[in-house]
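See below for the structure under consideration.
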Amino acid sequence: MKSVHKQNATIYGILFAISSGHFINDTLQSVVPAMFPIIERSLQLSYTQIGWIAFALNMTSSLLQPVFGYYADIKSKPYLLPLGMLSSLMGLIGFALSGHFFWVIISVLFIGFGSAIFHPEGSRVAYMAAGQRRGLAQSIYQVGGNTGQSLAPLITAFVFVPFGQKGALWFSVVAIAGILVLLNVSKWYSNQLQTKENINSRSRIKGKTPPIHNKIKWAVVLVVFLVFARSWYGAGLSNYYQFYLIEDYGLSIQKAQAYIFAFMFAGVLGTFFGGPLADRFGKRNIIFLSMLGAAPLTLALPYLPLFYVFPVIFCIGFIISSSFSVIVVYAQELLPKKIGMVSGLTVGLAFGMGAVGAVLFGGLADLYSIRFVMILCSFLPLLGMLTFLLPTDEAVRKYNKV
């Protein structure tokens, strides 16, 4: 009885540690978009080139995440966690010292590679430490990452505006701290894997794993598409809305960052509350309300007077991010034996597809205008209506028992 209770217990110490690692990883990654207003002027980059930098960063991390997740499901490597942080550290130093577009691209590839290593293993650690509170556990884990991402505007305003591109070197200290935190998490992770391997070696004798239900397969495809659509909206706002505020509202770089920070910080709050709400009201319901509930506000945002932008963009960030962790847990429950791969698909590939949107939006901004891009983005949350096609939480459990 004690061992069963221990397996079902939520291990908060590990959850907060891996959340801290997630915070540091995504803070390092947020340095790149935070630098956009600076290098756009200092290196004389076009919006299309800005889009390619975002593309290089996000596509490296997103395309490789399912690959690392797939192999982690076969054989986990706990010490890849600090190794990924080391890769990000190397990329960060290169990014701070790059004086040409080509070297900026090479540097962000290292940062993206480190993130690709971290995320699938980080999601597995959160899943293993969750016990019976998977929604809450994933929220704690994702809040760390979202908080790190939300710092981008503050980093721009308080670090890069006064210190320039080389201000990124300050974050090397943060990366070293992250390596130390993740070394401790890796020790716990390694011990858990040894215990789990002993249990699985006995259970594998019982027979083959049942085939995946066809409705589960289609649900995974739809989940990836929904996250893909939401990531495009997030890419539009986080990468280009600051330019929209500067050009259309006449704000300075520092003042524009306050609005981006409001959007991202609200996303942190939405991520935290979304998990516990999903544990109580159902994951599919929260996913639906998150996507479609934000649509009226996103449609209005491009036309609002500046006075109303701050509260509206805050509400959008909160609502649309309330399913950030929920959709990951929902996907994990669709494929409970493929935690690493499905985490890579949702957190990595689907979210990272926003990189494609970043390039597309950058090209459209050069061809038309930033305002055109903001109006186009405003329609994306309407795709949340497709959530009706997902099986309910009860149906998912039923299909996985068949």
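Note on naming: chains are A, B, ... as they come in the structure tokens, residues start from 1 per chain, ligands start from 1 in the order shown.
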
All residues 9 Å or closer to Ile155 in chain A, only C-alpha atoms, same chain fewer than 3 positions away omitted, as a short mmCIF file (atom, residue, chain, number, x, y, z; two decimals) with C-alpha atoms, in the first residue's frame:
```
data_model
loop_
_atom_site.label_atom_id
_atom_site.label_comp_id
_atom_site.auth_asym_id
_atom_site.auth_seq_id
_atom_site.Cartn_x
_atom_site.Cartn_y
_atom_site.Cartn_z
CA SER A 30 13.33 34.82 -25.00
CA VAL A 31 16.57 36.77 -25.29
CA ALA A 34 13.83 40.57 -27.02
CA MET A 35 16.81 41.59 -29.14
CA LEU A 151 10.44 38.46 -19.55
CA ALA A 152 11.36 39.27 -23.17
CA PHE A 158 16.00 47.26 -19.08
CA VAL A 159 18.94 45.34 -20.57
CA PHE A 160 19.21 45.68 -24.33
CA VAL A 161 18.11 49.30 -24.75
#
```

Residues within 10 Å of His119 in chain A, only C-alpha atoms, excluding chain neighbours under 2 positions, as a list in words:
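With the cut-off at 10 Å, the set is Gly21, His22, Asn25, Asp26, Ser61, Ser62, Gln65, Pro66, Phe68, Gly69, Leu81, Gly84, Gly114, Ser115, Ala116, Ile117, Glu121, Gly122, Ser123, Arg124, Val125, Gly145, Gly340, Ser343, Gly344, Val347 and Gly348 of chain A.
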
Using only C-alpha atoms, tabulate the residues of range 84-180 of chain A lying at most 12 Å from any atom of range 275-294 of chain A, each with its closest atom pair and that distance in Å to one decimal, by chain and increasing residue number, as JSON lines.
```
{"residue": "A:Ala130", "atom": "CA", "partner": "A:Gly275", "partner_atom": "CA", "distance": 11.9}
{"residue": "A:Gln132", "atom": "CA", "partner": "A:Asp279", "partner_atom": "CA", "distance": 9.7}
{"residue": "A:Arg133", "atom": "CA", "partner": "A:Asp279", "partner_atom": "CA", "distance": 7.4}
{"residue": "A:Arg134", "atom": "CA", "partner": "A:Asp279", "partner_atom": "CA", "distance": 7.8}
{"residue": "A:Gly135", "atom": "CA", "partner": "A:Gly275", "partner_atom": "CA", "distance": 4.1}
{"residue": "A:Leu136", "atom": "CA", "partner": "A:Gly275", "partner_atom": "CA", "distance": 4.8}
{"residue": "A:Ala137", "atom": "CA", "partner": "A:Gly275", "partner_atom": "CA", "distance": 7.7}
{"residue": "A:Gln138", "atom": "CA", "partner": "A:Gly275", "partner_atom": "CA", "distance": 6.9}
{"residue": "A:Ser139", "atom": "CA", "partner": "A:Gly275", "partner_atom": "CA", "distance": 5.2}
{"residue": "A:Ile140", "atom": "CA", "partner": "A:Gly275", "partner_atom": "CA", "distance": 8.5}
{"residue": "A:Tyr141", "atom": "CA", "partner": "A:Gly275", "partner_atom": "CA", "distance": 10.5}
{"residue": "A:Gln142", "atom": "CA", "partner": "A:Gly275", "partner_atom": "CA", "distance": 9.8}
{"residue": "A:Val143", "atom": "CA", "partner": "A:Gly275", "partner_atom": "CA", "distance": 10.3}
```

Could you save the residues just selected, with C-alpha atoms, as an mmCIF file, in the first residue's frame?
```
data_model
loop_
_atom_site.group_PDB
_atom_site.id
_atom_site.type_symbol
_atom_site.label_atom_id
_atom_site.label_comp_id
_atom_site.auth_asym_id
_atom_site.auth_seq_id
_atom_site.Cartn_x
_atom_site.Cartn_y
_atom_site.Cartn_z
ATOM 1 C CA ALA A 130 2.607 14.608 -11.049
ATOM 2 C CA GLN A 132 -2.800 12.087 -9.667
ATOM 3 C CA ARG A 133 -2.710 15.879 -10.257
ATOM 4 C CA ARG A 134 -1.523 15.980 -13.860
ATOM 5 C CA GLY A 135 -3.235 19.236 -14.776
ATOM 6 C CA LEU A 136 -1.738 21.070 -11.810
ATOM 7 C CA ALA A 137 1.691 19.478 -12.334
ATOM 8 C CA GLN A 138 1.832 20.442 -15.999
ATOM 9 C CA SER A 139 0.694 23.955 -15.070
ATOM 10 C CA ILE A 140 3.539 24.312 -12.563
ATOM 11 C CA TYR A 141 5.989 23.103 -15.204
ATOM 12 C CA GLN A 142 4.608 25.307 -17.989
ATOM 13 C CA VAL A 143 4.341 28.388 -15.761
#
```

- Message: Which residue is closest to Gly363 in chain A? Choose from A:Gly99, A:Gly384, A:Gly51, A:Gly234 and count only C-alpha atoms.
- Response: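 Ranking A:Gly99, A:Gly384, A:Gly51, A:Gly234 by distance to Gly363 in chain A, first place goes to A:Gly51.
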
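Between Gly357 in chain A and the candidates A:Phe55, A:Tyr308, A:Tyr330, A:Phe265, the tightest atom-to-atom separation, counting only C-alpha atoms, involves A:Phe55.
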
Name the residues in contact with range 111-113 of chain A at a cut-off of 6 Å, using only C-alpha atoms, excluding same-chain residues fewer than 3 positions from it; report them as number ranges by chain.
-> A: 57, 60-61, 88, 91, 108, 116

For those residues, write N, CA and C atoms to a file as a PDB file, in the first residue's frame.
```
ATOM      1  N   LEU A  57      15.334  29.759 -34.863  1.00  0.00           N
ATOM      2  CA  LEU A  57      15.241  29.415 -33.440  1.00  0.00           C
ATOM      3  C   LEU A  57      14.142  28.396 -33.182  1.00  0.00           C
ATOM      4  N   THR A  60      14.340  24.831 -35.155  1.00  0.00           N
ATOM      5  CA  THR A  60      15.342  23.919 -34.593  1.00  0.00           C
ATOM      6  C   THR A  60      14.778  23.215 -33.370  1.00  0.00           C
ATOM      7  N   SER A  61      14.215  23.999 -32.473  1.00  0.00           N
ATOM      8  CA  SER A  61      13.671  23.398 -31.255  1.00  0.00           C
ATOM      9  C   SER A  61      12.431  22.564 -31.541  1.00  0.00           C
ATOM     10  N   SER A  88      22.471  25.838 -25.054  1.00  0.00           N
ATOM     11  CA  SER A  88      21.861  27.169 -25.049  1.00  0.00           C
ATOM     12  C   SER A  88      22.852  28.231 -24.600  1.00  0.00           C
ATOM     13  N   GLY A  91      25.115  29.065 -27.497  1.00  0.00           N
ATOM     14  CA  GLY A  91      24.408  29.886 -28.469  1.00  0.00           C
ATOM     15  C   GLY A  91      24.208  31.310 -27.989  1.00  0.00           C
ATOM     16  N   VAL A 108      21.557  31.218 -32.879  1.00  0.00           N
ATOM     17  CA  VAL A 108      20.218  30.851 -32.405  1.00  0.00           C
ATOM     18  C   VAL A 108      19.919  29.375 -32.675  1.00  0.00           C
ATOM     19  N   ALA A 116      15.326  22.073 -27.715  1.00  0.00           N
ATOM     20  CA  ALA A 116      14.760  20.821 -28.240  1.00  0.00           C
ATOM     21  C   ALA A 116      15.107  19.645 -27.348  1.00  0.00           C
TER      22      ALA A 116
END
```

From the list A:Phe307, A:Phe318, A:Phe243, A:Phe388, which residue is nearest Phe36 in chain A when using only C-alpha atoms?
->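 Using only C-alpha atoms, the shortest distance to Phe36 in chain A belongs to A:Phe243.
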
For this session: Could you check which of A:Ile246, A:Ala129, A:Met90, A:Leu226 is closest to Thr346 in chain A, using only C-alpha atoms?
Result: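 Answer, going by the shortest atom-to-atom distance: A:Leu226.
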
Exercise. Looking only at alpha helix (DSSP H) from DSSP on the backbone, list the matching residues of range 211-252 of chain A as a VMD selection string.
Key: chain A and resid 214 to 248

Per-residue nearest contacts range 294-316 of chain A to range 250-257 of chain A, cut-off 12 Å, using only C-alpha atoms, as CSV:
```
residue,atom,partner,partner_atom,distance
A:Leu306,CA,A:Leu251,CA,10.0
A:Val309,CA,A:Ala256,CA,11.1
A:Phe310,CA,A:Ala256,CA,10.5
```

Restricting to only C-alpha atoms, whichever of A:Ala126, A:Val224, A:Val268, A:Ile319 is closest to Ile18 in chain A is A:Ala126

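Nearest residue to Gln165 in chain A, choosing from A:Thr147, A:Ser42, A:Ser107, A:Thr271 and counting only C-alpha atoms: A:Ser42.
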
Worksheet item: Excluding same-chain residues fewer than 3 positions from Ala96 in chain A, what lies within 8 Å of it counting only C-alpha atoms, as a list of chain:residue names?
Response: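 After dropping sequence-adjacent residues, the list is A:Leu92, A:Ile93, A:Gln165, A:Lys166, A:Gly167, A:Ala168, A:Leu169.
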
Can those selected residues be exported to a file as a compact mmCIF listing (two decimals), in the first residue's frame so that it contains C-alpha atoms?
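Below is the file result-v7.txt, written as the result:
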```txt
# COMPACT_ATOMS: atom_id res chain seq x y z
CA LEU A 92 23.73 32.78 -26.12
CA ILE A 93 27.38 33.83 -26.02
CA GLN A 165 23.50 43.42 -28.00
CA LYS A 166 26.35 42.51 -25.65
CA GLY A 167 23.94 42.80 -22.73
CA ALA A 168 22.99 39.20 -23.56
CA LEU A 169 26.25 38.09 -21.95
```

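Pairwise distance (CA of Tyr71 in chain A, CA of Ile339 in chain A) equals 10.8 Å.
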
Worksheet entry | Test item: residues at most 9 Å from Leu380 in chain A, only C-alpha atoms, excluding those fewer than 4 positions along its chain, as a PyMOL selection string | chain A and resi 229-230+232-233+295+298+376+384

What separates CA of Trp188 in chain A and CA of Pro82 in chain A is a distance of 13.3 Å
